[in-house]
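Peer 1: Contents of coords-v1.txt (compact mmCIF, C-alpha atoms and all ligand atoms):
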```txt
# COMPACT_ATOMS: atom_id res chain seq x y z
CA MET Z 1 13.80 -0.18 46.83
CA ALA Z 2 17.41 0.63 45.89
CA ARG Z 3 17.62 3.53 43.46
CA GLU Z 4 19.53 3.12 40.19
CA PRO Z 5 22.87 4.93 40.53
CA LYS Z 6 22.83 8.30 38.77
CA LYS Z 7 24.55 8.33 35.41
CA ARG Z 8 26.97 11.00 34.24
CA ILE Z 9 26.89 11.85 30.55
CA CYS Z 10 28.45 14.27 28.09
CA VAL Z 11 27.00 15.68 24.88
CA LEU Z 12 29.01 17.24 22.07
CA ASN Z 13 28.67 18.23 18.43
CA GLY Z 14 31.38 18.29 15.76
CA GLY Z 15 31.84 19.40 12.16
CA GLY Z 16 29.78 22.15 10.54
CA ASP Z 17 26.91 23.70 12.48
CA CYS Z 18 23.36 23.11 11.42
CA PRO Z 19 19.92 24.37 12.49
CA GLY Z 20 18.45 22.09 15.15
CA LEU Z 21 21.65 21.32 17.09
CA ASN Z 22 20.36 23.28 20.07
CA ALA Z 23 17.10 21.34 19.98
CA VAL Z 24 19.06 18.08 20.36
CA ILE Z 25 21.25 19.47 23.16
CA ARG Z 26 18.16 20.81 24.98
CA SER Z 27 16.34 17.51 24.62
CA VAL Z 28 19.33 15.50 25.88
CA VAL Z 29 19.77 17.78 28.89
CA LYS Z 30 16.06 17.94 29.78
CA THR Z 31 15.44 14.22 29.35
CA ALA Z 32 18.58 13.25 31.28
CA ILE Z 33 17.73 15.57 34.17
CA LEU Z 34 13.93 15.48 34.31
CA ARG Z 35 13.40 11.82 33.53
CA TYR Z 36 16.54 10.20 34.91
CA ASP Z 37 18.05 12.76 37.33
CA TRP Z 38 21.48 12.35 35.66
CA LYS Z 39 24.37 14.80 35.54
CA VAL Z 40 25.15 16.29 32.12
CA TRP Z 41 28.21 18.02 30.70
CA GLY Z 42 28.76 19.60 27.32
CA SER Z 43 32.09 19.38 25.51
CA GLU Z 44 32.70 22.64 23.65
CA ASP Z 45 34.24 22.74 20.18
CA SER Z 46 33.68 19.09 19.40
CA PHE Z 47 35.95 16.93 21.63
CA GLY Z 48 37.56 20.11 23.01
CA GLY Z 49 36.26 19.43 26.53
CA PHE Z 50 38.08 16.09 26.58
CA LEU Z 51 41.36 17.80 25.75
CA LYS Z 52 41.10 21.06 27.77
CA SER Z 53 39.23 21.13 31.09
CA ASP Z 54 37.84 24.68 30.63
CA LYS Z 55 35.96 23.45 27.57
CA MET Z 56 34.00 20.85 29.55
CA VAL Z 57 30.97 22.69 30.92
CA PRO Z 58 28.17 21.47 33.19
CA LEU Z 59 24.78 21.66 31.49
CA THR Z 60 21.70 22.33 33.61
CA LEU Z 61 18.07 23.13 32.85
CA ASP Z 62 19.10 26.80 33.04
CA SER Z 63 21.83 26.31 30.40
CA VAL Z 64 19.29 25.18 27.81
CA ARG Z 65 16.49 27.62 28.62
CA GLY Z 66 15.46 29.61 25.52
CA ILE Z 67 17.79 27.89 23.04
CA LEU Z 68 15.18 25.95 21.02
CA PRO Z 69 14.65 28.63 18.33
CA LEU Z 70 18.36 29.49 18.06
CA GLY Z 71 20.46 28.52 15.05
CA GLY Z 72 24.07 27.37 15.55
CA THR Z 73 25.06 25.55 18.73
CA ILE Z 74 25.58 26.74 22.30
CA LEU Z 75 28.58 24.37 22.47
CA GLY Z 76 30.45 25.90 19.53
CA THR Z 77 31.87 23.57 16.91
CA THR Z 78 34.84 22.87 14.68
CA ASN Z 79 35.76 20.52 11.88
CA LYS Z 80 39.36 20.50 13.11
CA GLY Z 81 38.69 18.64 16.35
CA ASN Z 82 39.64 15.06 15.49
CA PRO Z 83 41.43 13.76 18.62
CA PHE Z 84 43.20 11.09 16.50
CA ARG Z 85 44.68 13.83 14.27
CA TYR Z 86 44.56 17.00 16.31
CA PRO Z 87 46.17 20.01 14.58
CA VAL Z 88 48.83 21.82 16.62
CA LYS Z 89 51.32 24.49 15.56
CA ASN Z 90 54.98 23.54 15.92
CA LYS Z 91 57.81 25.99 16.81
CA GLU Z 92 58.11 27.06 13.17
CA GLY Z 93 54.41 27.88 13.09
CA LYS Z 94 53.64 24.88 10.87
CA THR Z 95 50.63 22.67 11.57
CA GLU Z 96 51.39 19.16 12.83
CA PHE Z 97 48.89 16.46 13.68
CA LYS Z 98 49.05 14.66 17.04
CA ASP Z 99 47.12 11.69 18.36
CA TYR Z 100 45.39 12.87 21.55
CA SER Z 101 42.81 10.08 21.63
CA GLN Z 102 44.21 8.69 24.90
CA LYS Z 103 43.29 12.01 26.55
CA VAL Z 104 39.66 11.42 25.57
CA PHE Z 105 39.68 8.12 27.47
CA ASP Z 106 41.57 9.64 30.42
CA THR Z 107 39.01 12.46 30.71
CA ALA Z 108 36.05 10.09 30.36
CA ARG Z 109 37.53 7.88 33.10
CA ALA Z 110 38.40 10.81 35.40
CA MET Z 111 34.88 12.23 35.01
CA LYS Z 112 33.34 8.76 35.42
CA LEU Z 113 31.26 9.30 32.28
CA ASP Z 114 28.67 6.59 31.59
CA GLY Z 115 27.89 7.78 28.09
CA VAL Z 116 28.99 10.27 25.44
CA ILE Z 117 26.37 11.50 22.97
CA VAL Z 118 28.08 12.63 19.77
CA ILE Z 119 26.06 14.73 17.30
CA GLY Z 120 27.70 14.86 13.89
CA GLY Z 121 27.84 14.18 10.20
CA ASP Z 122 29.97 11.51 8.51
CA GLY Z 123 33.31 12.91 9.74
CA THR Z 124 32.39 13.27 13.41
CA LEU Z 125 30.46 9.98 13.44
CA SER Z 126 33.51 8.19 11.99
CA ILE Z 127 35.59 9.54 14.90
CA ALA Z 128 32.81 8.52 17.31
CA HIS Z 129 32.77 5.01 15.88
CA ARG Z 130 36.54 4.69 16.19
CA LEU Z 131 36.35 5.82 19.83
CA PHE Z 132 33.52 3.36 20.46
CA GLU Z 133 35.58 0.51 19.01
CA ALA Z 134 38.39 1.52 21.37
CA GLY Z 135 36.01 1.34 24.34
CA LEU Z 136 34.27 4.72 24.75
CA PRO Z 137 30.52 4.39 25.51
CA VAL Z 138 29.27 6.39 22.51
CA ILE Z 139 25.81 7.08 21.07
CA GLY Z 140 25.55 8.91 17.72
CA VAL Z 141 23.02 11.49 16.54
CA PRO Z 142 23.05 12.23 12.78
CA LYS Z 143 23.37 15.89 11.77
CA THR Z 144 23.81 17.56 8.40
CA ILE Z 145 22.02 19.92 6.06
CA ASP Z 146 23.23 17.71 3.18
CA LYS Z 147 20.96 14.72 4.00
CA ASP Z 148 23.76 12.46 2.75
CA LEU Z 149 24.04 10.01 5.66
CA LEU Z 150 23.12 6.41 5.09
CA ALA Z 151 20.82 4.58 7.51
CA THR Z 152 18.54 7.50 8.33
CA GLU Z 153 15.76 8.86 6.16
CA MET Z 154 16.34 12.35 7.44
CA THR Z 155 18.85 14.43 9.34
CA PHE Z 156 17.78 17.55 11.19
CA GLY Z 157 19.00 20.76 9.54
CA PHE Z 158 18.04 19.73 6.02
CA ASP Z 159 14.48 21.03 6.28
CA THR Z 160 15.59 24.51 7.41
CA ALA Z 161 18.22 24.65 4.65
CA LEU Z 162 15.55 23.60 2.15
CA HIS Z 163 13.27 26.44 3.31
CA THR Z 164 16.09 28.98 3.04
CA ALA Z 165 17.09 27.76 -0.44
CA THR Z 166 13.48 27.67 -1.70
CA GLU Z 167 12.84 31.20 -0.46
CA ALA Z 168 16.00 32.37 -2.24
CA ILE Z 169 14.88 30.75 -5.51
CA ASP Z 170 11.43 32.39 -5.15
CA LYS Z 171 13.07 35.79 -4.71
CA VAL Z 172 15.46 35.28 -7.60
CA HIS Z 173 12.52 34.36 -9.84
CA THR Z 174 10.91 37.78 -9.72
CA THR Z 175 14.12 39.63 -10.54
CA ALA Z 176 14.93 37.12 -13.33
CA GLU Z 177 11.54 37.79 -14.88
CA SER Z 178 11.68 41.59 -14.49
CA HIS Z 179 15.09 41.79 -16.19
CA GLU Z 180 14.64 38.91 -18.62
CA ARG Z 181 17.80 37.30 -17.29
CA VAL Z 182 19.10 33.88 -16.50
CA MET Z 183 19.69 33.58 -12.76
CA VAL Z 184 22.03 30.82 -11.64
CA VAL Z 185 21.68 29.82 -7.96
CA GLU Z 186 24.48 27.69 -6.45
CA LEU Z 187 23.44 25.63 -3.43
CA MET Z 188 25.34 23.51 -0.89
CA GLY Z 189 25.12 19.75 -0.34
CA ARG Z 190 28.65 18.45 -0.92
CA ASN Z 191 28.54 15.31 -3.09
CA ALA Z 192 24.78 14.93 -2.76
CA GLY Z 193 22.26 16.91 -4.80
CA TRP Z 194 19.40 16.78 -2.28
CA ILE Z 195 19.20 20.48 -1.40
CA ALA Z 196 19.42 21.57 -5.05
CA LEU Z 197 16.94 18.93 -6.20
CA GLU Z 198 14.29 19.53 -3.55
CA ALA Z 199 14.66 23.32 -3.42
CA GLY Z 200 14.75 23.40 -7.23
CA ILE Z 201 11.44 21.52 -7.49
CA SER Z 202 9.88 23.51 -4.62
CA GLY Z 203 11.04 26.84 -6.04
CA GLY Z 204 10.01 26.08 -9.63
CA ALA Z 205 13.50 26.05 -11.17
CA ASP Z 206 13.75 25.50 -14.93
CA VAL Z 207 17.07 23.64 -14.77
CA ILE Z 208 18.56 21.67 -11.85
CA LEU Z 209 22.15 20.45 -12.04
CA ILE Z 210 23.22 17.87 -9.46
CA PRO Z 211 26.40 15.82 -8.99
CA GLU Z 212 24.56 12.54 -9.56
CA ILE Z 213 23.61 13.57 -13.15
CA PRO Z 214 26.52 14.95 -15.20
CA PHE Z 215 25.26 17.76 -17.44
CA ASP Z 216 25.83 18.90 -21.00
CA ILE Z 217 25.78 22.70 -21.18
CA GLU Z 218 24.28 22.55 -24.69
CA LYS Z 219 21.22 20.79 -23.24
CA VAL Z 220 20.94 23.44 -20.54
CA CYS Z 221 21.07 26.17 -23.20
CA GLN Z 222 18.48 24.32 -25.29
CA LYS Z 223 16.04 24.51 -22.39
CA ILE Z 224 16.68 28.25 -21.88
CA ARG Z 225 16.28 28.90 -25.66
CA GLN Z 226 13.07 26.88 -25.79
CA ARG Z 227 11.61 28.90 -22.89
CA ALA Z 228 12.49 32.17 -24.64
CA LYS Z 229 10.82 30.90 -27.83
CA GLU Z 230 7.68 30.12 -25.82
CA GLY Z 231 7.55 33.69 -24.53
CA ARG Z 232 9.46 33.24 -21.24
CA PRO Z 233 12.77 35.01 -21.85
CA PHE Z 234 14.09 34.32 -18.36
CA SER Z 235 15.19 31.16 -16.57
CA VAL Z 236 16.28 30.00 -13.13
CA VAL Z 237 19.10 27.47 -13.07
CA VAL Z 238 19.79 25.77 -9.73
CA VAL Z 239 23.26 24.22 -9.41
CA ALA Z 240 24.46 21.95 -6.61
CA GLU Z 241 27.97 22.86 -5.48
CA ALA Z 242 29.45 19.51 -6.63
CA ALA Z 243 27.65 19.37 -9.99
CA ALA Z 244 29.95 18.77 -12.95
CA SER Z 245 29.63 18.58 -16.69
CA SER Z 246 29.86 15.21 -18.35
CA GLY Z 247 33.58 14.41 -18.44
CA GLY Z 248 34.33 17.36 -16.11
CA SER Z 249 35.01 17.43 -12.39
CA PRO Z 250 33.65 19.40 -9.44
CA VAL Z 251 34.91 22.94 -8.88
CA TYR Z 252 36.77 23.69 -5.63
CA ARG Z 253 37.33 27.08 -3.98
CA GLN Z 254 40.15 25.41 -2.11
CA PRO Z 255 41.30 22.04 -3.38
CA HIS Z 256 41.72 18.87 -1.37
CA GLU Z 257 45.17 18.92 0.27
CA GLY Z 258 46.62 16.60 2.90
CA ASP Z 259 44.07 16.41 5.70
CA HIS Z 260 41.80 19.06 4.18
CA ARG Z 261 38.94 17.53 2.19
CA GLY Z 262 38.63 20.60 -0.05
CA ASP Z 263 36.02 23.37 -0.15
CA LEU Z 264 33.56 23.04 -2.98
CA GLY Z 265 32.31 26.20 -4.66
CA GLY Z 266 32.38 28.16 -7.89
CA ILE Z 267 30.46 25.92 -10.28
CA GLY Z 268 27.65 28.54 -10.36
CA PHE Z 269 30.02 31.08 -11.95
CA VAL Z 270 31.35 28.48 -14.40
CA VAL Z 271 27.79 27.59 -15.50
CA GLY Z 272 26.83 31.29 -15.66
CA GLU Z 273 29.77 32.04 -17.97
CA MET Z 274 29.09 29.01 -20.17
CA ILE Z 275 25.47 30.16 -20.64
CA GLN Z 276 26.44 33.77 -21.33
CA GLU Z 277 29.04 32.64 -23.92
CA ARG Z 278 26.44 30.59 -25.80
CA LEU Z 279 23.28 32.68 -25.50
CA ASP Z 280 22.50 36.31 -26.03
CA VAL Z 281 21.06 36.69 -22.56
CA GLU Z 282 22.23 38.48 -19.41
CA THR Z 283 23.22 36.04 -16.69
CA ARG Z 284 23.70 36.64 -12.97
CA VAL Z 285 24.95 34.24 -10.32
CA LEU Z 286 23.95 33.89 -6.67
CA VAL Z 287 25.97 31.64 -4.36
CA LEU Z 288 23.76 31.12 -1.33
CA GLY Z 289 26.58 29.64 0.79
CA HIS Z 290 26.39 29.52 4.57
CA LEU Z 291 22.99 31.24 4.71
CA GLN Z 292 21.75 27.67 4.24
CA ARG Z 293 23.37 26.62 7.52
CA GLY Z 294 22.07 29.53 9.59
CA GLY Z 295 18.85 30.84 11.03
CA SER Z 296 16.20 29.55 13.34
CA PRO Z 297 15.43 25.84 12.82
CA SER Z 298 12.12 24.97 11.20
CA PRO Z 299 9.45 23.27 13.36
CA PHE Z 300 10.32 19.97 11.63
CA ASP Z 301 14.00 20.26 12.59
CA ARG Z 302 13.16 21.30 16.17
CA LEU Z 303 10.84 18.32 16.48
CA LEU Z 304 13.24 15.82 14.90
CA GLY Z 305 16.14 17.13 17.01
CA THR Z 306 14.03 16.80 20.16
CA ARG Z 307 12.94 13.26 19.24
CA PHE Z 308 16.54 12.25 18.44
CA GLY Z 309 17.71 13.66 21.79
CA LEU Z 310 15.22 11.58 23.76
CA VAL Z 311 16.11 8.29 22.06
CA ALA Z 312 19.86 9.02 22.39
CA VAL Z 313 19.41 9.36 26.17
CA GLU Z 314 17.27 6.20 26.29
CA LEU Z 315 20.04 4.29 24.51
CA VAL Z 316 22.53 5.44 27.16
CA ALA Z 317 20.05 4.31 29.85
CA GLN Z 318 19.90 0.89 28.16
CA GLU Z 319 23.71 0.90 27.72
CA ARG Z 320 23.34 0.09 24.01
CA PHE Z 321 26.49 1.83 22.82
CA GLY Z 322 27.87 2.10 19.29
CA LEU Z 323 24.38 2.89 18.03
CA MET Z 324 23.08 5.97 16.26
CA VAL Z 325 19.50 7.27 16.38
CA ALA Z 326 17.88 7.22 12.95
CA LEU Z 327 14.55 7.99 11.30
CA LYS Z 328 13.07 4.86 9.72
CA CYS Z 329 9.56 4.90 8.22
CA GLY Z 330 8.83 8.01 10.26
CA GLN Z 331 9.87 6.42 13.59
CA VAL Z 332 13.02 7.15 15.56
CA GLU Z 333 14.97 3.92 15.89
CA SER Z 334 18.60 2.95 16.38
CA VAL Z 335 21.17 1.54 13.95
CA PRO Z 336 24.89 0.74 14.32
CA ILE Z 337 26.91 3.94 13.76
CA LYS Z 338 29.02 2.04 11.23
CA THR Z 339 26.03 1.57 8.91
CA ALA Z 340 25.62 5.34 8.68
CA ILE Z 341 29.22 6.01 7.70
CA ALA Z 342 29.63 3.10 5.27
CA GLY Z 343 28.94 5.31 2.25
CA GLN Z 344 26.96 8.34 1.13
CA ARG Z 345 23.25 8.65 0.48
CA LEU Z 346 23.04 10.15 -3.00
CA VAL Z 347 20.15 11.06 -5.27
CA ASP Z 348 19.00 8.20 -7.49
CA PRO Z 349 19.04 9.59 -11.08
CA GLU Z 350 16.15 7.22 -11.90
CA GLY Z 351 14.33 7.83 -8.60
CA GLU Z 352 10.95 9.35 -7.92
CA TYR Z 353 12.14 12.92 -7.22
CA VAL Z 354 14.09 13.16 -10.48
CA ARG Z 355 11.23 11.54 -12.42
CA THR Z 356 8.77 14.03 -10.87
CA ALA Z 357 10.97 16.97 -11.81
CA LYS Z 358 11.43 15.73 -15.36
CA ALA Z 359 7.69 15.10 -15.74
CA ILE Z 360 6.97 18.77 -15.05
CA GLY Z 361 9.57 19.92 -17.58
CA ILE Z 362 12.61 20.60 -15.40
CA SER Z 363 15.84 19.93 -17.29
CA PHE Z 364 18.85 18.24 -15.69
CA GLY Z 365 20.95 19.02 -18.74
CA ASP Z 366 21.18 15.31 -19.54
CA VAL Z 367 18.61 14.63 -22.25
O1 LIG U 1 28.32 19.55 5.15
C1 LIG U 1 27.66 20.78 5.31
C2 LIG U 1 28.26 21.82 4.42
O2 LIG U 1 27.54 23.03 4.61
C3 LIG U 1 28.33 21.45 2.94
O3 LIG U 1 27.08 21.56 2.31
C4 LIG U 1 29.39 22.42 2.47
O4 LIG U 1 30.06 21.93 1.32
C5 LIG U 1 30.34 22.47 3.63
O5 LIG U 1 29.61 22.06 4.78
C6 LIG U 1 30.93 23.84 3.89
O6 LIG U 1 31.84 23.71 4.93
P1 LIG U 1 32.57 24.94 5.63
O7 LIG U 1 31.63 25.47 6.68
O8 LIG U 1 33.78 24.33 6.23
O9 LIG U 1 32.84 25.97 4.59
```
Step by step, read the file and then write its structure as structure tokens.
Peer 2:
Amino acid sequence: MAREPKKRICVLNGGGDCPGLNAVIRSVVKTAILRYDWKVWGSEDSFGGFLKSDKMVPLTLDSVRGILPLGGTILGTTNKGNPFRYPVKNKEGKTEFKDYSQKVFDTARAMKLDGVIVIGGDGTLSIAHRLFEAGLPVIGVPKTIDKDLLATEMTFGFDTALHTATEAIDKVHTTAESHERVMVVELMGRNAGWIALEAGISGGADVILIPEIPFDIEKVCQKIRQRAKEGRPFSVVVVAEAAASSGGSPVYRQPHEGDHRGDLGGIGFVVGEMIQERLDVETRVLVLGHLQRGGSPSPFDRLLGTRFGLVAVELVAQERFGLMVALKCGQVESVPIKTAIAGQRLVDPEGEYVRTAKAIGISFGDV
């Protein structure tokens, strides 16, 4: 019986790193080699391997040995790797953007690639979708600690970030109580409040401020005052990085400018100061930052990443391009990439998680 011709595939990740990326890469490589006997390459620094040959590396079983418990990604990553708007320095040292997308197609053709597995969040998946529409055989794998992608119930990376954030809130609790202070903990998540909401509930926060529910600082202070009156003169306030007061706007460390989408950060200090101004209580602020993106992936993220990797390879085998693997009712399925990037998955202010938190007395600063 004639054997199926061997396929040649490439895997890459783009945007911010996230625990579990190595689990996906390992799963793609192992499945492609052990089940299908394919050849696999990895493109370093997002689409870097398509633009510079030394960044396209062969991946073997040896390349992925021992990487499952490692945070980060063996392929490196960047959020400045968009081949349609690739940043290059001109003679004056200024950054200009060039369209190198044709190079991606030239490389794919020269390497005779049968499939490109792109692991990314909304930004990288949007690029992947554009390349697919222009003819590249792309499969998407959703990645982000923010859990803000539509069309999948879960992205790998979120669970590890949630563990890190919950542990931080637990630790902050004991020092808040010992010193009778208000501790404000600022967490990541971009425009979605998932990390703050879930870590806040899991860590027993007294106040959770998320972008989906604008807050009134007076209501936050009321909650802290009420706790003090009831004999608990300390409070833990969890703030999502894009939370904003009613009528206010999110705080940026570096504002949106040109191609740069802006770096959120600093709302924790703003909230801390507002509390200190209004209440006679010492306030301290912790910005957890990139700790939430690092560390060894949780078993859940390793498992989800491994499951996603398998289905991504199966989709290449079936030549069903333009699809993204997704978790639906606990099963890994596939959906068009465009459904995942059509908007953002935000917290429902009337949803079950918020109702649960409110029922156990957590304030969102809104009532
Ligand atoms: O999207 C993941 C994320 O960690 C966000 O939660 C955060 O706002 C952003 O990336 C930080 O990006 P950078 O690594 O570029 O500072």
Peer 1: Using all atoms listed in the file, which residues sit within 8 Å of Leu346 (chain Z) once same-chain residues fewer than 6 positions away are excluded, as a VMD selection string?
Peer 2: chain Z and resid 148 191 to 194 212
Peer 1: Can you find the residues with an atom no farther than 9 Å from (21.5, 17.1, -9.0), counting only C-alpha atoms, and report them as a PyMOL selection string?
Peer 2: chain Z and resi 192-197+208-214+238-240+242-243+347+349+354+364
Peer 1: Any idea what the distance is between CA of Arg302 (chain Z) and CA of Glu314 (chain Z)?
Peer 2: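 CA of Arg302 (chain Z) sits 18.6 Å away from CA of Glu314 (chain Z).
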Peer 1: Please put the answer as lines of an AutoDock Vina configuration file: centre and edge lengths, in Å with one decimal, of a box along x, y and z that encloses all listed atoms of ligand LIG 1 (chain U) plus 8 Å on each side.
Peer 2:
```
center_x = 30.4
center_y = 22.8
center_z = 4.0
size_x = 22.7
size_y = 22.4
size_z = 21.4
```
Peer 1: Residues within 10 Å of ligand LIG 1 (chain U) (only C-alpha atoms and all ligand atoms), as JSON, numbers by chain?
Peer 2: {"Z": [15, 16, 17, 18, 78, 79, 80, 120, 121, 122, 123, 143, 144, 145, 146, 147, 148, 157, 158, 161, 187, 188, 189, 190, 191, 192, 193, 195, 240, 241, 242, 252, 253, 254, 260, 261, 262, 263, 264, 265, 289, 290, 291, 292, 293, 294]}
Peer 1: List as JSON, numbers by chain the protein and nucleic acid residues near Ile127 (chain Z), meaning an atom at most 12 Å away when only C-alpha atoms are counted, but skip any in the same chain fewer than 6 places from it.
Peer 2: {"Z": [13, 14, 15, 46, 47, 79, 80, 81, 82, 83, 84, 85, 86, 101, 104, 118, 119, 120, 121, 133, 134, 136, 138, 139, 140, 322, 337, 338, 341]}
Peer 1: Counting only C-alpha atoms, I want the residues whose atoms come within 10 Å of (15.9, 29.5, -18.9) in the file frame, returned as an MDAnalysis selection string.
Peer 2: chainID Z and resid 176 180:184 205:207 220:228 232:237 275 281 363
Peer 1: How many Å separate CA of Pro255 (chain Z) from CA of Asp348 (chain Z)?
Peer 2: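 Separation between CA of Pro255 (chain Z) and CA of Asp348 (chain Z): 26.6 Å.
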Peer 1: Any idea what the distance is between CA of Thr95 (chain Z) and CA of Gly266 (chain Z)?
Peer 2: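 CA of Thr95 (chain Z) sits 27.2 Å away from CA of Gly266 (chain Z).
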Peer 1: Between Z:Val57, Z:Val325, Z:Ala340, Z:Ala168, which has the minimum distance to Thr124 (chain Z) (counting all atoms listed in the file)?
Peer 2: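 So, comparing all the options, the nearest one is Z:Ala340.
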Peer 1: Between Z:Met274, Z:Val24, Z:Ile9, Z:Ile33, which is the closest to Met111 (chain Z) once you count all atoms listed in the file?
Peer 2: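 Ranked by minimum distance to Met111 (chain Z), first place goes to Z:Ile9.
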Peer 1: When you count only C-alpha atoms, which of these residues is closest to Thr306 (chain Z): Z:Arg65, Z:Lys30, Z:Lys91, Z:Arg320?
Peer 2: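 Nearest candidate to Thr306 (chain Z) out of Z:Arg65, Z:Lys30, Z:Lys91, Z:Arg320: Z:Lys30.
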Peer 1: So, counting all atoms listed in the file, which residue among Z:Ser245, Z:Thr339, Z:Ser53, Z:Thr155 is closest to Leu327 (chain Z)?
Peer 2: Z:Thr155
Peer 1: Which residue, Z:Arg26, Z:Gly66, Z:Gly49, Z:Lys6, has the smallest gap to Lys112 (chain Z) when you use all atoms listed in the file?
Peer 2: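 Checking each of Z:Arg26, Z:Gly66, Z:Gly49, Z:Lys6 against Lys112 (chain Z), counting all atoms listed in the file, the winner is Z:Lys6.
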Peer 1: Name the closest residue to Leu131 (chain Z) among the candidates Z:Ser246, Z:Ala110, Z:Leu75, Z:Lys103; distances are taken between atoms, counting all atoms listed in the file.
Peer 2: Z:Lys103
Peer 1: Residues within 12 Å of Ile67 (chain Z), please, as a list in words. Count only C-alpha atoms; anything in the same chain fewer than 2 positions from it doesn't count.
Peer 2: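 With the cut-off at 12 Å, the set is Pro19, Gly20, Leu21, Asn22, Ala23, Val24, Ile25, Arg26, Ser27, Val29, Leu61, Asp62, Ser63, Val64, Arg65, Pro69, Leu70, Gly71, Gly72, Thr73, Ile74, Leu75, Ser296, Pro297 and Arg302 of chain Z.
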Peer 1: Regenerate region 195-206 of chain Z at the level of N, CA, C and O atoms and dump it as a tab-separated table (two decimals), in the frame of the given file.
Peer 2:
```tsv
chain	number	residue	atom	x	y	z
Z	195	ILE	N	19.70	19.11	-1.64
Z	195	ILE	CA	19.20	20.48	-1.40
Z	195	ILE	C	18.82	21.10	-2.75
Z	195	ILE	O	17.73	21.67	-2.90
Z	196	ALA	N	19.70	20.97	-3.74
Z	196	ALA	CA	19.42	21.57	-5.05
Z	196	ALA	C	18.17	20.94	-5.68
Z	196	ALA	O	17.32	21.64	-6.23
Z	197	LEU	N	18.07	19.62	-5.58
Z	197	LEU	CA	16.94	18.93	-6.20
Z	197	LEU	C	15.61	19.34	-5.55
Z	197	LEU	O	14.66	19.74	-6.23
Z	198	GLU	N	15.57	19.26	-4.23
Z	198	GLU	CA	14.29	19.53	-3.55
Z	198	GLU	C	13.94	21.02	-3.56
Z	198	GLU	O	12.78	21.38	-3.74
Z	199	ALA	N	14.94	21.88	-3.37
Z	199	ALA	CA	14.66	23.32	-3.42
Z	199	ALA	C	14.34	23.72	-4.86
Z	199	ALA	O	13.49	24.58	-5.10
Z	200	GLY	N	15.01	23.09	-5.82
Z	200	GLY	CA	14.75	23.40	-7.23
Z	200	GLY	C	13.32	23.07	-7.60
Z	200	GLY	O	12.63	23.86	-8.25
Z	201	ILE	N	12.84	21.90	-7.18
Z	201	ILE	CA	11.44	21.52	-7.49
Z	201	ILE	C	10.50	22.46	-6.73
Z	201	ILE	O	9.55	23.01	-7.31
Z	202	SER	N	10.78	22.68	-5.44
Z	202	SER	CA	9.88	23.51	-4.62
Z	202	SER	C	9.85	24.96	-5.09
Z	202	SER	O	8.84	25.63	-4.94
Z	203	GLY	N	10.96	25.45	-5.63
Z	203	GLY	CA	11.04	26.84	-6.04
Z	203	GLY	C	10.73	27.03	-7.53
Z	203	GLY	O	10.81	28.14	-8.04
Z	204	GLY	N	10.39	25.95	-8.21
Z	204	GLY	CA	10.01	26.08	-9.63
Z	204	GLY	C	11.19	26.40	-10.54
Z	204	GLY	O	11.04	27.18	-11.50
Z	205	ALA	N	12.34	25.82	-10.29
Z	205	ALA	CA	13.50	26.05	-11.17
Z	205	ALA	C	13.24	25.46	-12.56
Z	205	ALA	O	12.43	24.53	-12.71
Z	206	ASP	N	13.90	26.02	-13.56
Z	206	ASP	CA	13.75	25.50	-14.93
Z	206	ASP	C	14.81	24.45	-15.23
Z	206	ASP	O	14.57	23.53	-16.00
```
